[in-house]
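A.B. asks: Quick one: this structure, given as structure tokens, is what I'll be asking you about.
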Amino acid sequence: MDLIPSERAVLHIIRALMLESRARAYRVTALRSRWPVTHIQAYEGGYCGLVDKRLIQVSGDKQTFSLTNAGLACLGHSLAMAS
């Protein structure tokens, strides 16, 4: 799947969250706290793009998110491409 740079950036931040915690769901605020202040709009667009592509699933209250199976596969593919 083709991802734009902001989607890849958000996906890599999600990867870092996954490496720090074995949780399956993560707080959206924890993700957003890692976005560079000067690029918040771009990262928000990347986050929304991942939701639209169904690579991440947001909870009903929009407080937490999790990576879908497609998101995990995409994360593995993007890591293989980076190396």
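Within each chain, counting starts at residue 1; across the structure tokens, chains are named A, B, ... in the order shown, with ligands numbered 1 upward in that order.
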Select from chain A everything DSSP, run on the backbone, classes as strand (DSSP E), then give the selection as a ChimeraX atom specification.

C.D. replies: /A:26-27,56-58,64-67

A.B. asks: Taking only region 23-79 of chain A into account, list the residues labelled alpha helix (DSSP H) by DSSP (computed from the backbone), as a list in words.

C.D. replies: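 Secondary structure check on region 23-79 of chain A, alpha helix (DSSP H): Val28, Thr29, Ala30, Leu31, Arg32, Ile40, Gln41, Ala42, Tyr43, Glu44, Gly45, Gly46, Tyr47, Cys48, Gly49, Leu50, Val51, Asp52, Asn69, Ala70, Gly71, Leu72, Ala73, Cys74, Leu75, Gly76, His77, Ser78 and Leu79 of chain A.
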
A.B. asks: For the residues in that selection, give me N, CA and C atoms as a compact mmCIF listing (two decimals), in the first residue's frame.

C.D. replies:
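Okay, again-v1.txt is ready:
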# COMPACT_ATOMS: atom_id res chain seq x y z
N VAL A 28 -4.79 8.10 22.15
CA VAL A 28 -4.55 9.05 21.06
C VAL A 28 -3.68 10.21 21.58
N THR A 29 -3.89 10.60 22.82
CA THR A 29 -3.10 11.70 23.39
C THR A 29 -1.62 11.33 23.49
N ALA A 30 -1.33 10.05 23.76
CA ALA A 30 0.07 9.61 23.82
C ALA A 30 0.72 9.71 22.44
N LEU A 31 -0.04 9.39 21.41
CA LEU A 31 0.47 9.50 20.05
C LEU A 31 0.69 10.96 19.68
N ARG A 32 -0.31 11.78 19.92
CA ARG A 32 -0.22 13.20 19.54
C ARG A 32 0.86 13.94 20.31
N ILE A 40 2.10 19.65 13.33
CA ILE A 40 0.89 19.00 13.84
C ILE A 40 -0.14 18.77 12.74
N GLN A 41 -0.35 19.75 11.87
CA GLN A 41 -1.35 19.59 10.80
C GLN A 41 -0.99 18.43 9.87
N ALA A 42 0.27 18.32 9.52
CA ALA A 42 0.69 17.23 8.63
C ALA A 42 0.50 15.88 9.31
N TYR A 43 0.86 15.79 10.58
CA TYR A 43 0.71 14.53 11.31
C TYR A 43 -0.76 14.19 11.51
N GLU A 44 -1.59 15.20 11.74
CA GLU A 44 -3.03 14.96 11.87
C GLU A 44 -3.58 14.41 10.55
N GLY A 45 -3.11 14.95 9.44
CA GLY A 45 -3.51 14.42 8.14
C GLY A 45 -3.05 12.99 7.94
N GLY A 46 -1.84 12.68 8.39
CA GLY A 46 -1.34 11.32 8.30
C GLY A 46 -2.15 10.36 9.15
N TYR A 47 -2.51 10.79 10.34
CA TYR A 47 -3.33 9.98 11.24
C TYR A 47 -4.70 9.71 10.60
N CYS A 48 -5.33 10.75 10.09
CA CYS A 48 -6.62 10.58 9.42
C CYS A 48 -6.52 9.68 8.20
N GLY A 49 -5.41 9.80 7.48
CA GLY A 49 -5.19 8.93 6.32
C GLY A 49 -5.09 7.46 6.72
N LEU A 50 -4.43 7.19 7.84
CA LEU A 50 -4.33 5.80 8.32
C LEU A 50 -5.69 5.27 8.75
N VAL A 51 -6.50 6.14 9.35
CA VAL A 51 -7.87 5.74 9.72
C VAL A 51 -8.68 5.46 8.45
N ASP A 52 -8.60 6.37 7.48
CA ASP A 52 -9.35 6.20 6.22
C ASP A 52 -8.94 4.93 5.48
N ASN A 69 -5.06 -5.54 11.55
CA ASN A 69 -4.19 -6.54 10.92
C ASN A 69 -3.54 -5.97 9.67
N ALA A 70 -4.30 -5.20 8.91
CA ALA A 70 -3.75 -4.55 7.71
C ALA A 70 -2.68 -3.55 8.10
N GLY A 71 -2.89 -2.84 9.20
CA GLY A 71 -1.89 -1.89 9.70
C GLY A 71 -0.61 -2.58 10.13
N LEU A 72 -0.75 -3.72 10.81
CA LEU A 72 0.44 -4.48 11.20
C LEU A 72 1.20 -4.96 9.97
N ALA A 73 0.48 -5.43 8.97
CA ALA A 73 1.14 -5.89 7.74
C ALA A 73 1.83 -4.72 7.04
N CYS A 74 1.17 -3.58 7.00
CA CYS A 74 1.75 -2.40 6.37
C CYS A 74 2.99 -1.93 7.14
N LEU A 75 2.91 -1.99 8.46
CA LEU A 75 4.06 -1.61 9.29
C LEU A 75 5.24 -2.52 8.99
N GLY A 76 5.00 -3.80 8.90
CA GLY A 76 6.07 -4.74 8.58
C GLY A 76 6.64 -4.50 7.20
N HIS A 77 5.78 -4.17 6.25
CA HIS A 77 6.24 -3.88 4.89
C HIS A 77 7.07 -2.60 4.84
N SER A 78 6.61 -1.57 5.54
CA SER A 78 7.34 -0.30 5.49
C SER A 78 8.69 -0.42 6.19
N LEU A 79 8.78 -1.25 7.21
CA LEU A 79 10.07 -1.47 7.88
C LEU A 79 11.02 -2.23 6.97

A.B. asks: Quote the spacing between CA of Pro5 (chain A) and CA of Tyr26 (chain A) in Å to one decimal place.

C.D. replies: 21.7 Å

A.B. asks: Could you work out how far CA of Ser21 (chain A) lies from CA of Ser6 (chain A), giving the answer in Å with one decimal?

C.D. replies: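 That distance, rounded to one decimal, is 22.9 Å.
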